[in-house]
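Below: final-v8.txt (compact mmCIF, C-alpha atoms and all ligand atoms)
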```
# COMPACT_ATOMS: atom_id res chain seq x y z
CA MET G 1 135.55 126.66 157.90
CA THR G 2 135.49 129.42 155.29
CA THR G 3 136.26 129.12 151.60
CA ALA G 4 137.97 131.82 149.56
CA SER G 5 135.43 132.35 146.84
CA LYS G 6 136.74 132.43 143.32
CA PRO G 7 133.91 132.91 140.79
CA LEU G 8 132.49 129.65 139.44
CA PHE G 9 132.72 131.08 135.92
CA ASP G 10 134.78 134.01 134.67
CA GLY G 11 132.82 137.11 133.78
CA PRO G 12 132.79 140.86 134.36
CA PHE G 13 131.85 142.07 137.86
CA GLU G 14 128.30 143.44 137.71
CA GLY G 15 128.64 146.15 140.38
CA SER G 16 130.58 149.38 140.83
CA PRO G 17 134.34 149.62 141.52
CA ARG G 18 133.38 150.71 145.05
CA ALA G 19 131.43 147.48 145.59
CA ALA G 20 134.39 145.45 144.26
CA GLU G 21 136.68 147.20 146.73
CA ILE G 22 134.26 146.60 149.65
CA ILE G 23 133.95 142.91 148.70
CA ALA G 24 137.74 142.50 148.72
CA ARG G 25 138.00 144.11 152.17
CA VAL G 26 135.01 142.26 153.64
CA GLN G 27 136.39 138.93 152.41
CA ASP G 28 139.73 139.65 154.12
CA PHE G 29 137.80 140.41 157.31
CA LEU G 30 135.72 137.20 157.06
CA HIS G 31 138.53 134.86 156.08
CA GLY G 32 141.07 136.45 158.43
CA GLU G 33 139.99 138.03 161.70
CA LEU G 34 136.49 136.51 161.90
CA ALA G 35 137.62 133.01 160.90
CA GLU G 36 140.24 133.21 163.64
CA LEU G 37 137.64 134.38 166.16
CA ALA G 38 135.28 131.53 165.16
CA ARG G 39 138.09 128.97 165.58
CA ALA G 40 139.17 130.37 168.96
CA HIS G 41 135.61 130.30 170.35
CA GLY G 42 134.36 127.09 168.69
CA VAL G 43 131.69 128.98 166.73
CA ASP G 44 130.23 127.28 163.68
CA HIS G 45 126.82 127.10 162.01
CA GLU G 46 125.49 124.84 164.78
CA HIS G 47 127.19 126.52 167.73
CA GLY G 48 126.41 130.21 167.88
CA ALA G 49 128.30 132.96 169.64
CA ASP G 50 127.21 134.48 172.94
CA ARG G 51 126.16 138.11 173.22
CA ALA G 52 129.64 139.30 174.32
CA LEU G 53 131.31 137.70 171.32
CA LEU G 54 128.65 138.99 168.94
CA GLN G 55 129.13 142.49 170.31
CA GLN G 56 132.86 142.13 169.60
CA VAL G 57 132.07 141.19 165.98
CA TRP G 58 129.59 144.09 165.59
CA ARG G 59 132.10 146.59 167.00
CA ARG G 60 134.93 145.36 164.77
CA SER G 61 132.64 145.41 161.75
CA HIS G 62 131.62 148.96 162.71
CA ALA G 63 135.25 150.04 163.11
CA MET G 64 136.01 148.68 159.64
CA GLY G 65 133.09 150.57 158.11
CA PHE G 66 130.90 147.56 157.24
CA TYR G 67 128.33 147.48 160.04
CA GLY G 68 126.36 150.62 159.17
CA MET G 69 126.97 150.35 155.43
CA THR G 70 123.30 149.81 154.62
CA LEU G 71 122.14 152.95 156.49
CA PRO G 72 121.18 156.17 154.70
CA GLU G 73 124.20 158.44 154.02
CA GLN G 74 123.09 161.07 156.57
CA MET G 75 123.43 158.37 159.25
CA GLY G 76 126.92 157.35 158.21
CA GLY G 77 125.90 154.71 155.67
CA LEU G 78 127.32 154.42 152.19
CA GLY G 79 124.11 155.01 150.24
CA LEU G 80 124.98 152.07 147.97
CA PRO G 81 122.68 151.28 145.05
CA VAL G 82 120.61 148.12 145.57
CA LEU G 83 122.73 146.28 142.97
CA ASP G 84 125.95 146.90 144.91
CA HIS G 85 124.25 146.03 148.20
CA VAL G 86 123.07 142.70 146.78
CA LEU G 87 126.53 141.84 145.42
CA VAL G 88 128.31 142.64 148.69
CA LYS G 89 125.80 140.56 150.65
CA GLU G 90 126.09 137.63 148.25
CA ALA G 91 129.87 137.65 148.71
CA ILE G 92 129.50 137.72 152.50
CA TYR G 93 127.24 134.63 152.52
CA ALA G 94 129.29 132.81 149.88
CA SER G 95 132.24 133.02 152.30
CA GLY G 96 130.59 130.32 154.44
CA SER G 97 131.39 132.25 157.61
CA PRO G 98 129.11 131.55 160.60
CA PHE G 99 129.38 135.28 161.31
CA ALA G 100 127.94 136.20 157.88
CA PRO G 101 124.61 137.58 159.25
CA HIS G 102 126.48 139.76 161.76
CA VAL G 103 128.71 141.77 159.43
CA PHE G 104 125.84 144.14 158.61
CA GLY G 105 123.98 143.24 161.84
CA GLU G 106 121.09 141.78 159.88
CA LEU G 107 119.39 140.12 162.86
CA SER G 108 119.72 142.94 165.34
CA GLY G 109 121.59 145.88 163.86
CA PRO G 110 121.31 148.80 161.42
CA PRO G 111 119.05 147.10 158.82
CA ARG G 112 116.38 146.85 161.54
CA VAL G 113 116.22 150.64 162.04
CA GLY G 114 117.56 152.33 158.88
CA ALA G 115 114.12 152.82 157.35
CA LEU G 116 112.70 154.27 160.60
CA ALA G 117 115.14 157.19 160.82
CA ARG G 118 112.81 159.53 158.96
CA GLN G 119 109.90 158.92 161.37
CA ALA G 120 111.93 158.79 164.58
CA THR G 121 111.88 161.71 167.03
CA PRO G 122 115.21 163.23 168.16
CA GLN G 123 114.79 161.35 171.46
CA GLN G 124 114.20 158.02 169.65
CA MET G 125 117.23 158.69 167.44
CA ALA G 126 119.43 159.27 170.51
CA GLN G 127 117.99 156.44 172.61
CA PHE G 128 117.66 153.67 170.01
CA ILE G 129 118.74 154.36 166.45
CA VAL G 130 122.17 155.93 166.98
CA PRO G 131 123.29 153.31 169.57
CA VAL G 132 122.16 150.54 167.17
CA ALA G 133 124.02 152.17 164.27
CA GLN G 134 127.14 152.37 166.44
CA ALA G 135 127.01 148.71 167.48
CA GLU G 136 126.34 149.62 171.12
CA MET G 137 122.77 148.29 171.24
CA ALA G 138 121.03 145.34 169.56
CA ILE G 139 117.44 145.61 168.34
CA CYS G 140 115.05 143.03 166.87
CA PHE G 141 111.88 143.37 164.79
CA ALA G 142 108.76 141.87 166.39
CA LEU G 143 105.66 141.49 164.26
CA THR G 144 104.74 137.77 164.13
CA GLU G 145 102.44 136.15 166.72
CA ALA G 146 100.91 132.70 167.08
CA GLU G 147 97.75 133.89 165.29
CA ALA G 148 99.40 136.52 163.05
CA GLY G 149 101.88 135.01 160.60
CA SER G 150 101.24 135.52 156.89
CA ASP G 151 98.27 137.67 157.95
CA ALA G 152 100.56 140.11 159.72
CA GLY G 153 97.82 142.67 160.41
CA ALA G 154 96.00 140.22 162.71
CA VAL G 155 98.25 141.04 165.68
CA GLN G 156 96.57 140.54 169.04
CA THR G 157 99.23 142.08 171.25
CA ARG G 158 97.42 145.12 172.61
CA ALA G 159 98.76 148.53 173.58
CA VAL G 160 96.34 150.63 175.63
CA LEU G 161 97.09 154.29 176.34
CA ASP G 162 97.25 155.14 180.05
CA GLY G 163 98.48 158.71 180.66
CA GLU G 164 102.05 159.05 179.40
CA HIS G 165 102.43 155.31 178.77
CA TYR G 166 100.98 152.49 176.71
CA VAL G 167 100.28 149.31 178.68
CA VAL G 168 101.25 146.41 176.43
CA ASN G 169 100.15 142.78 176.77
CA GLY G 170 100.78 139.94 174.35
CA ARG G 171 103.28 137.47 172.99
CA LYS G 172 105.47 137.74 169.92
CA ARG G 173 106.65 134.52 168.29
CA PHE G 174 109.73 133.60 166.22
CA ILE G 175 111.60 136.87 166.71
CA SER G 176 115.09 136.70 165.22
CA GLY G 177 117.83 138.16 167.37
CA SER G 178 115.54 138.57 170.40
CA PRO G 179 117.65 136.29 172.65
CA PHE G 180 120.51 138.79 172.45
CA ALA G 181 118.64 142.05 171.75
CA ASP G 182 118.30 145.03 174.11
CA ALA G 183 115.21 146.46 172.44
CA ALA G 184 112.55 145.66 169.85
CA VAL G 185 110.67 147.52 167.18
CA LEU G 186 107.35 145.97 168.19
CA LEU G 187 103.98 146.09 166.45
CA ALA G 188 100.83 146.08 168.57
CA SER G 189 97.15 146.71 168.07
CA THR G 190 95.96 150.08 169.36
CA ALA G 191 92.41 149.56 168.08
CA ALA G 192 89.56 149.84 170.59
CA GLU G 193 88.51 146.39 171.82
CA ASP G 194 85.21 146.40 169.91
CA ALA G 195 86.55 148.14 166.77
CA ASP G 196 85.91 146.55 163.35
CA GLU G 197 88.95 148.21 161.76
CA ARG G 198 92.47 147.06 162.50
CA GLU G 199 94.90 149.66 163.90
CA VAL G 200 98.49 148.49 164.19
CA THR G 201 101.08 150.80 165.73
CA ALA G 202 104.87 150.53 166.06
CA PHE G 203 106.84 151.09 169.28
CA PHE G 204 110.40 150.95 170.51
CA VAL G 205 110.30 148.55 173.48
CA ASP G 206 113.14 148.19 175.96
CA LEU G 207 113.54 144.43 176.47
CA HIS G 208 115.15 144.93 179.88
CA ALA G 209 112.12 146.87 181.20
CA PRO G 210 109.76 145.42 183.86
CA GLY G 211 106.92 143.35 182.38
CA VAL G 212 108.84 142.06 179.39
CA ARG G 213 110.88 138.88 178.97
CA VAL G 214 112.34 136.88 176.11
CA GLU G 215 111.67 133.14 176.11
CA THR G 216 114.16 131.01 174.23
CA GLY G 217 114.56 127.26 174.16
CA TYR G 218 113.67 126.29 170.64
CA LYS G 219 116.01 125.74 167.73
CA THR G 220 115.28 126.08 164.05
CA MET G 221 115.90 123.07 161.79
CA ALA G 222 119.20 124.70 160.77
CA GLY G 223 120.35 124.21 164.37
CA GLN G 224 120.38 127.84 165.41
CA SER G 225 118.85 129.29 168.54
CA SER G 226 118.88 132.99 167.65
CA THR G 227 115.06 133.10 167.62
CA GLY G 228 112.79 133.64 170.63
CA ASP G 229 109.37 134.77 171.89
CA ILE G 230 108.84 138.15 173.52
CA VAL G 231 106.29 138.04 176.34
CA LEU G 232 104.72 141.31 177.49
CA GLU G 233 102.71 141.45 180.72
CA ASP G 234 101.45 144.91 181.66
CA CYS G 235 104.64 146.32 180.22
CA ARG G 236 104.56 150.14 180.42
CA VAL G 237 106.00 151.62 177.23
CA PRO G 238 106.46 155.41 177.27
CA LEU G 239 104.24 157.29 174.85
CA ALA G 240 107.48 158.87 173.60
CA ASN G 241 108.48 155.43 172.24
CA ARG G 242 105.62 155.28 169.77
CA ILE G 243 106.97 155.39 166.23
CA GLY G 244 104.90 157.62 163.96
CA ALA G 245 101.14 157.99 164.25
CA PRO G 246 98.77 155.33 165.63
CA GLY G 247 97.70 152.94 162.87
CA ARG G 248 100.83 153.58 160.78
CA GLY G 249 102.70 150.57 162.15
CA LEU G 250 102.28 148.17 159.26
CA ALA G 251 103.02 150.86 156.69
CA LEU G 252 106.22 151.71 158.57
CA ALA G 253 107.20 148.09 159.05
CA LEU G 254 106.40 146.97 155.54
CA GLY G 255 107.27 150.26 153.80
CA ARG G 256 110.43 148.85 152.25
CA ILE G 257 109.04 145.37 151.84
CA SER G 258 109.95 145.11 148.14
CA VAL G 259 113.61 146.04 148.70
CA ASN G 260 113.75 143.89 151.82
CA ARG G 261 112.36 140.89 149.94
CA LEU G 262 115.04 141.23 147.33
CA LEU G 263 117.72 141.65 149.97
CA HIS G 264 117.10 138.10 151.24
CA CYS G 265 118.02 136.68 147.83
CA PRO G 266 121.79 137.25 147.99
CA ALA G 267 121.94 135.31 151.27
CA MET G 268 120.19 132.29 149.70
CA LEU G 269 122.22 132.43 146.51
CA GLY G 270 125.50 132.93 148.35
CA LEU G 271 124.77 129.77 150.37
CA ALA G 272 123.60 127.88 147.26
CA GLN G 273 126.88 128.77 145.55
CA LEU G 274 128.69 127.13 148.46
CA ALA G 275 126.56 123.99 148.02
CA LEU G 276 127.42 123.86 144.30
CA ARG G 277 131.11 124.38 145.01
CA ASP G 278 131.12 121.64 147.66
CA ALA G 279 129.25 119.25 145.30
CA ARG G 280 131.67 119.94 142.43
CA ASP G 281 134.74 119.45 144.63
CA TYR G 282 133.32 116.27 146.18
CA ALA G 283 132.41 114.84 142.75
CA LEU G 284 135.98 115.40 141.56
CA GLN G 285 137.59 113.68 144.53
CA ARG G 286 135.12 110.83 145.29
CA ARG G 287 136.00 107.62 143.41
CA GLN G 288 133.58 104.74 142.68
CA PHE G 289 133.82 102.01 140.05
CA GLY G 290 137.48 102.95 139.51
CA ARG G 291 136.91 106.58 138.54
CA SER G 292 135.83 109.89 140.01
CA ILE G 293 132.06 110.19 140.22
CA ALA G 294 132.40 113.49 138.27
CA GLN G 295 132.95 111.29 135.22
CA PHE G 296 129.42 109.86 135.42
CA GLN G 297 127.00 111.72 133.19
CA ALA G 298 124.26 111.52 135.84
CA ILE G 299 126.47 113.52 138.21
CA GLN G 300 127.55 115.94 135.48
CA HIS G 301 123.92 116.63 134.60
CA MET G 302 123.03 117.35 138.20
CA LEU G 303 125.95 119.81 138.41
CA ALA G 304 124.91 121.38 135.10
CA ASP G 305 121.31 121.81 136.27
CA MET G 306 122.48 123.33 139.55
CA ALA G 307 124.77 125.83 137.78
CA THR G 308 122.13 126.76 135.19
CA GLU G 309 119.32 127.28 137.70
CA LEU G 310 121.62 129.26 139.96
CA ALA G 311 122.64 131.50 137.04
CA ALA G 312 118.96 132.08 136.17
CA ALA G 313 118.06 132.94 139.77
CA ARG G 314 121.04 135.26 140.00
CA ALA G 315 120.07 137.02 136.76
CA LEU G 316 116.56 137.59 138.14
CA MET G 317 117.99 138.96 141.39
CA LEU G 318 120.40 141.33 139.63
CA GLY G 319 117.78 142.46 137.09
CA THR G 320 115.35 143.25 139.91
CA ALA G 321 118.05 145.18 141.77
CA ARG G 322 118.63 147.27 138.63
CA ALA G 323 114.86 147.89 138.30
CA LEU G 324 114.73 149.16 141.91
CA ASP G 325 117.78 151.37 141.34
CA ALA G 326 116.02 152.82 138.28
CA GLY G 327 113.15 153.88 140.56
CA GLY G 328 110.70 151.07 139.77
CA ALA G 329 108.36 149.78 142.49
CA ALA G 330 109.13 146.23 141.25
CA ARG G 331 106.49 144.72 143.54
CA ALA G 332 105.87 141.66 141.38
CA GLU G 333 109.55 141.32 140.44
CA THR G 334 110.82 141.34 144.04
CA SER G 335 108.28 138.63 144.92
CA MET G 336 109.33 136.65 141.84
CA ALA G 337 112.96 136.99 142.90
CA LYS G 338 112.22 135.89 146.50
CA LEU G 339 110.12 132.96 145.25
CA PHE G 340 112.49 131.77 142.53
CA CYS G 341 115.73 132.29 144.46
CA SER G 342 114.48 130.44 147.56
CA GLU G 343 113.01 127.52 145.60
CA THR G 344 116.12 127.30 143.37
CA ALA G 345 118.59 127.54 146.25
CA PHE G 346 116.82 124.64 148.00
CA ARG G 347 116.87 122.47 144.83
CA VAL G 348 120.59 123.19 144.46
CA ALA G 349 121.19 122.14 148.07
CA ASP G 350 119.11 118.99 147.59
CA ARG G 351 121.19 117.90 144.60
CA ALA G 352 124.39 118.77 146.46
CA VAL G 353 123.32 116.33 149.19
CA GLN G 354 122.55 113.68 146.54
CA ILE G 355 126.00 114.05 144.97
CA HIS G 356 127.59 113.55 148.39
CA GLY G 357 125.75 110.22 148.85
CA GLY G 358 125.85 108.93 152.45
CA GLU G 359 128.36 111.61 153.43
CA GLY G 360 125.75 114.22 152.52
CA ILE G 361 123.26 113.04 155.08
CA VAL G 362 125.63 112.84 158.00
CA GLN G 363 125.54 115.78 160.39
CA GLY G 364 128.72 117.82 160.28
CA ARG G 365 129.03 117.95 156.47
CA ARG G 366 128.48 121.47 155.23
CA VAL G 367 125.98 120.42 152.53
CA GLU G 368 123.78 118.82 155.16
CA PHE G 369 123.68 122.14 157.04
CA LEU G 370 123.08 124.09 153.79
CA PHE G 371 120.15 121.80 152.92
CA ARG G 372 118.49 122.54 156.27
CA MET G 373 119.31 126.25 156.12
CA LEU G 374 118.06 126.70 152.57
CA ARG G 375 114.84 124.84 153.37
CA MET G 376 113.98 127.63 155.79
CA TYR G 377 114.06 130.46 153.24
CA ARG G 378 110.99 129.05 151.48
CA VAL G 379 109.04 129.99 154.61
CA LEU G 380 110.90 132.97 156.08
CA THR G 381 109.96 136.57 155.30
CA GLY G 382 106.88 135.68 153.30
CA THR G 383 106.29 132.08 152.22
CA SER G 384 106.43 130.98 148.57
CA GLU G 385 102.61 130.91 148.52
CA ILE G 386 102.40 134.52 149.75
CA GLN G 387 104.90 135.58 147.04
CA LYS G 388 102.69 133.90 144.43
CA ASN G 389 99.68 135.78 145.80
CA THR G 390 101.53 139.08 145.32
CA ILE G 391 102.70 138.21 141.81
CA ALA G 392 99.21 137.14 140.74
CA LYS G 393 97.63 140.25 142.30
CA GLU G 394 100.03 142.55 140.41
CA LEU G 395 99.55 140.61 137.18
CA LEU G 396 95.76 140.64 137.38
CA ALA G 397 95.70 144.34 138.32
CA SER G 398 97.76 145.18 135.25
CA ALA G 399 95.05 143.87 132.86
C1 LIG D 401 113.56 131.24 162.07
C2 LIG D 401 112.47 132.26 161.96
C3 LIG D 401 112.77 133.60 162.12
C4 LIG D 401 111.76 134.58 162.03
N1 LIG D 401 112.07 135.88 162.30
C5 LIG D 401 111.05 136.78 162.45
C6 LIG D 401 111.32 138.11 162.93
O1 LIG D 401 112.46 138.48 163.20
N2 LIG D 401 110.27 138.95 163.11
C7 LIG D 401 108.98 138.59 162.82
O2 LIG D 401 108.08 139.40 163.01
N3 LIG D 401 108.70 137.33 162.33
C8 LIG D 401 109.70 136.43 162.16
N4 LIG D 401 109.43 135.15 161.72
C9 LIG D 401 108.06 134.79 161.33
C10 LIG D 401 107.93 134.52 159.85
O3 LIG D 401 107.97 135.73 159.12
C11 LIG D 401 106.65 133.71 159.65
O4 LIG D 401 106.90 132.42 160.17
C12 LIG D 401 106.24 133.61 158.20
O5 LIG D 401 105.84 134.87 157.72
C13 LIG D 401 105.07 132.63 158.01
O6 LIG D 401 104.06 132.82 158.96
P1 LIG D 401 103.53 131.54 159.79
O7 LIG D 401 104.70 130.82 160.30
O8 LIG D 401 102.53 132.01 160.77
O9 LIG D 401 102.82 130.64 158.71
P2 LIG D 401 101.26 130.69 158.29
O10 LIG D 401 100.89 132.09 157.90
O11 LIG D 401 100.45 130.02 159.34
O12 LIG D 401 101.29 129.78 157.00
C14 LIG D 401 101.11 128.37 157.02
C15 LIG D 401 100.93 127.90 155.57
O13 LIG D 401 99.74 128.50 155.02
C16 LIG D 401 100.06 129.20 153.83
N5 LIG D 401 99.22 130.40 153.71
C17 LIG D 401 98.92 131.31 154.67
N6 LIG D 401 98.13 132.28 154.16
C18 LIG D 401 97.95 131.99 152.84
C19 LIG D 401 97.25 132.60 151.77
N7 LIG D 401 96.59 133.76 151.93
N8 LIG D 401 97.29 132.01 150.55
C20 LIG D 401 97.96 130.85 150.37
N9 LIG D 401 98.64 130.22 151.33
C21 LIG D 401 98.64 130.78 152.56
C22 LIG D 401 101.54 129.57 153.98
O14 LIG D 401 102.15 129.81 152.72
C23 LIG D 401 102.09 128.32 154.66
O15 LIG D 401 102.32 127.32 153.70
C24 LIG D 401 110.43 134.18 161.76
C25 LIG D 401 110.13 132.83 161.57
C26 LIG D 401 111.12 131.87 161.71
C27 LIG D 401 110.74 130.42 161.57
```

In structure tokens, what does this structure look like?
Amino acid sequence: MTTASKPLFDGPFEGSPRAAEIIARVQDFLHGELAELARAHGVDHEHGADRALLQQVWRRSHAMGFYGMTLPEQMGGLGLPVLDHVLVKEAIYASGSPFAPHVFGELSGPPRVGALARQATPQQMAQFIVPVAQAEMAICFALTEAEAGSDAGAVQTRAVLDGEHYVVNGRKRFISGSPFADAAVLLASTAAEDADEREVTAFFVDLHAPGVRVETGYKTMAGQSSTGDIVLEDCRVPLANRIGAPGRGLALALGRISVNRLLHCPAMLGLAQLALRDARDYALQRRQFGRSIAQFQAIQHMLADMATELAAARALMLGTARALDAGGAARAETSMAKLFCSETAFRVADRAVQIHGGEGIVQGRRVEFLFRMLRMYRVLTGTSEIQKNTIAKELLASA
């Protein structure tokens, strides 16, 4: 199920010795203990783990020092530079493990709350952030609604103050990790009903509280069902759960949007590397017309294009990570990286399917899964069109 990942081409490691050491340990964890766990429980990319098994993975990852790695140092994180973070994450995804998103707890763990620690009250730290950091609680991030997708500020879920509580009504759509989360960082409108101005505020919401339920039942095209809707009906959220001031919700949620955009790139490129590896290995072993198909120039050129485009995307990702580490805002560059890496990773997967011929379009082949998975990143966390909007805006403003 997993593949020990030897670099496709020899070259110096781009990160720090500490990152190299973490990668070696995390690969042992993925290829050893987690691969064994996946085999024992029949978990693969199409068949996810239940909450109990996920919690086991989170706790083990926490015990080994990986789970909270991305948190600020004062919360037990490693304070890694963005470059090292990107390289470790790329290695995790290039392992092919179905548990890859759970090593850092990307869907429902520390990356969901790390940036909120500075705004959180001591009570919020104790009730939500520390238990999430320690792998005892799972938390999702709920912004999107049926009418508020790319236009995230258009949220219609309303939170109305009533004494010591907000009464919240609305429906969040497509929330990753919600089917197995205990709580959500949830964005709701606190604007008066007739107000012209938008006012979006962030809250910690207990998903086990009365008046809130998670509806599941749909699968993404990649076959996973870790996404759900959160339905709130007169849900009373304590005033003490409001994060920061009213109207600061979007700024809090999107405050690290540039870094977060970049941090999706290593996942896509790690998976695209797998697709290239699988295509290369298949081309070498598949024989037609009395020879391996790797001997046909048409196949060689597809492999060469895949490797070249992947190298270019990777260079953009690493260069942008260095710019962020040097203190740059890199708003245009992070959007360029998200745009180019997601479009490139999908083209790589498409050619990998082509090289596999009929085998590539049969369910159960890894390239077929990678094709579906990598299609999704062109939409997730800001579509390609929205990235182009940001790049153009930055470019035009610089004139
Ligand atoms: C599997 C999955 C997991 C997700 N996880 C989460 C999560 O955990 N939390 C969360 O809050 N959200 C989550 N989302 C929501 C996700 O971020 C949105 O789906 C995404 O931002 C796009 O919004 P939309 O689907 O409403 O598309 P729309 O905004 O309706 O876009 C439709 C089309 O119109 C284009 N478009 C829209 N506006 C413009 C414009 N101004 N200029 C040019 N083109 C435009 C888009 O590029 C796209 O092609 C998830 C979605 C999925 C599918």

Chain G residues near ligand LIG 401 (chain D) within 6 Å, closest pair each, using only C-alpha atoms and all ligand atoms, as JSON lines:
```
{"residue": "G:Phe141", "atom": "CA", "partner": "D:LIG401", "partner_atom": "N2", "distance": 5.0}
{"residue": "G:Ala142", "atom": "CA", "partner": "D:LIG401", "partner_atom": "O2", "distance": 4.2}
{"residue": "G:Leu143", "atom": "CA", "partner": "D:LIG401", "partner_atom": "O2", "distance": 3.4}
{"residue": "G:Thr144", "atom": "CA", "partner": "D:LIG401", "partner_atom": "O2", "distance": 3.9}
{"residue": "G:Ala148", "atom": "CA", "partner": "D:LIG401", "partner_atom": "O8", "distance": 5.9}
{"residue": "G:Gly149", "atom": "CA", "partner": "D:LIG401", "partner_atom": "O8", "distance": 3.1}
{"residue": "G:Ser150", "atom": "CA", "partner": "D:LIG401", "partner_atom": "O10", "distance": 3.6}
{"residue": "G:Phe174", "atom": "CA", "partner": "D:LIG401", "partner_atom": "C24", "distance": 4.6}
{"residue": "G:Ile175", "atom": "CA", "partner": "D:LIG401", "partner_atom": "O1", "distance": 4.0}
{"residue": "G:Ser176", "atom": "CA", "partner": "D:LIG401", "partner_atom": "O1", "distance": 3.8}
{"residue": "G:Thr220", "atom": "CA", "partner": "D:LIG401", "partner_atom": "C1", "distance": 5.8}
{"residue": "G:Thr227", "atom": "CA", "partner": "D:LIG401", "partner_atom": "C3", "distance": 6.0}
{"residue": "G:Val379", "atom": "CA", "partner": "D:LIG401", "partner_atom": "C12", "distance": 5.8}
{"residue": "G:Leu380", "atom": "CA", "partner": "D:LIG401", "partner_atom": "C10", "distance": 5.0}
{"residue": "G:Thr381", "atom": "CA", "partner": "D:LIG401", "partner_atom": "O3", "distance": 4.4}
{"residue": "G:Gly382", "atom": "CA", "partner": "D:LIG401", "partner_atom": "O5", "distance": 4.6}
{"residue": "G:Thr383", "atom": "CA", "partner": "D:LIG401", "partner_atom": "O14", "distance": 4.7}
{"residue": "G:Glu385", "atom": "CA", "partner": "D:LIG401", "partner_atom": "O14", "distance": 4.4}
{"residue": "G:Ile386", "atom": "CA", "partner": "D:LIG401", "partner_atom": "O14", "distance": 5.6}
```

| task | Might you pull out every residue within 12 Å of Gln354 in chain G, with only C-alpha atoms counted and same-chain residues fewer than 4 positions away left off, and present them as a list in words? | result |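 My list of contacting residues is Ala275, Leu276, Asp278, Ala279, Arg280, Tyr282, Ala283, Ile293, Ala298, Ile299, Met302, Leu303, Met306, Arg347, Val348, Ala349, Asp350, Gly358, Glu359, Gly360, Ile361, Val362, Val367, Glu368 and Phe371 of chain G.
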
| task | In Å, rounded to a single decimal, give me how far CA of Ala337 in chain G is from CA of Lys393 in chain G. | result |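 CA of Ala337 in chain G lies 15.7 Å from CA of Lys393 in chain G.
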
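CA of Arg351 in chain G is found 20.2 Å from CA of Lys338 in chain G.
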
Near Ile243 in chain G, within 12 Å and counting only C-alpha atoms, which residues show up once chain neighbours fewer than 5 positions away are dropped, as an mmCIF file with C-alpha atoms, in the frame of the given file?
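As written to disk, around_32.cif reads:
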```
data_model
loop_
_atom_site.group_PDB
_atom_site.id
_atom_site.type_symbol
_atom_site.label_atom_id
_atom_site.label_comp_id
_atom_site.auth_asym_id
_atom_site.auth_seq_id
_atom_site.Cartn_x
_atom_site.Cartn_y
_atom_site.Cartn_z
ATOM 1 C CA VAL G 113 116.220 150.640 162.040
ATOM 2 C CA ALA G 115 114.120 152.820 157.350
ATOM 3 C CA LEU G 116 112.700 154.270 160.600
ATOM 4 C CA ALA G 117 115.140 157.190 160.820
ATOM 5 C CA ARG G 118 112.810 159.530 158.960
ATOM 6 C CA GLN G 119 109.900 158.920 161.370
ATOM 7 C CA ALA G 120 111.930 158.790 164.580
ATOM 8 C CA THR G 121 111.880 161.710 167.030
ATOM 9 C CA PRO G 122 115.210 163.230 168.160
ATOM 10 C CA GLN G 123 114.790 161.350 171.460
ATOM 11 C CA GLN G 124 114.200 158.020 169.650
ATOM 12 C CA MET G 125 117.230 158.690 167.440
ATOM 13 C CA PHE G 128 117.660 153.670 170.010
ATOM 14 C CA ILE G 129 118.740 154.360 166.450
ATOM 15 C CA ALA G 184 112.550 145.660 169.850
ATOM 16 C CA VAL G 185 110.670 147.520 167.180
ATOM 17 C CA LEU G 186 107.350 145.970 168.190
ATOM 18 C CA LEU G 187 103.980 146.090 166.450
ATOM 19 C CA ALA G 188 100.830 146.080 168.570
ATOM 20 C CA VAL G 200 98.490 148.490 164.190
ATOM 21 C CA THR G 201 101.080 150.800 165.730
ATOM 22 C CA ALA G 202 104.870 150.530 166.060
ATOM 23 C CA PHE G 203 106.840 151.090 169.280
ATOM 24 C CA PHE G 204 110.400 150.950 170.510
ATOM 25 C CA VAL G 205 110.300 148.550 173.480
ATOM 26 C CA VAL G 237 106.000 151.620 177.230
ATOM 27 C CA PRO G 238 106.460 155.410 177.270
ATOM 28 C CA ARG G 248 100.830 153.580 160.780
ATOM 29 C CA GLY G 249 102.700 150.570 162.150
ATOM 30 C CA LEU G 250 102.280 148.170 159.260
ATOM 31 C CA ALA G 251 103.020 150.860 156.690
ATOM 32 C CA LEU G 252 106.220 151.710 158.570
ATOM 33 C CA ALA G 253 107.200 148.090 159.050
#
```

| So, counting only C-alpha atoms, which residue among G:Leu310, G:Val212, G:Ala392, G:Leu374 is closest to Met336 in chain G? |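 Ranked by minimum distance to Met336 in chain G, first place goes to G:Ala392.
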
| field | Asn169 in chain G environment, 8 Å, all atoms listed in the file, sequence neighbours closer than 2 positions dropped, as a VMD selection string | value | chain G and resid 157 to 159 167 171 231 to 235

As AutoDock Vina command-line options, please report the centre and edge lengths, rounded to one decimal in Å, of the axis-aligned box that holds all listed atoms of range 25-36 of chain G with 4 Å of padding on each of the six sides.
```
--center_x 138.0 --center_y 138.6 --center_z 157.9 --size_x 14.1 --size_y 19.1 --size_z 19.5
```

| task | Find, counting all atoms listed in the file, the residue in G:Ile257, G:Pro179, G:Phe13, G:Gly247 that gets nearest to Gly217 in chain G. | result |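 That would be G:Pro179, the residue with the smallest distance to Gly217 in chain G.
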
| said: Given only C-alpha atoms as the basis, pick out the residue of G:Phe104, G:Phe289, G:Tyr218, G:Phe29 nearest to Ala135 in chain G. | reply: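 Checking each of G:Phe104, G:Phe289, G:Tyr218, G:Phe29 against Ala135 in chain G, counting only C-alpha atoms, the winner is G:Phe104.
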
Cut-off 6 Å: closest range 90-193 of chain G/range 64-74 of chain G atom pairs per residue, using all atoms listed in the file, as a Markdown table:
```
| residue | atom | partner | partner_atom | distance |
| --- | --- | --- | --- | --- |
| G:Val103 | CA | G:Tyr67 | CA | 5.8 |
| G:Phe104 | CA | G:Tyr67 | CA | 4.4 |
| G:Pro110 | CA | G:Gly68 | CA | 5.8 |
| G:Gly114 | CA | G:Leu71 | CA | 5.2 |
| G:Ala133 | CA | G:Gly68 | CA | 5.8 |
```
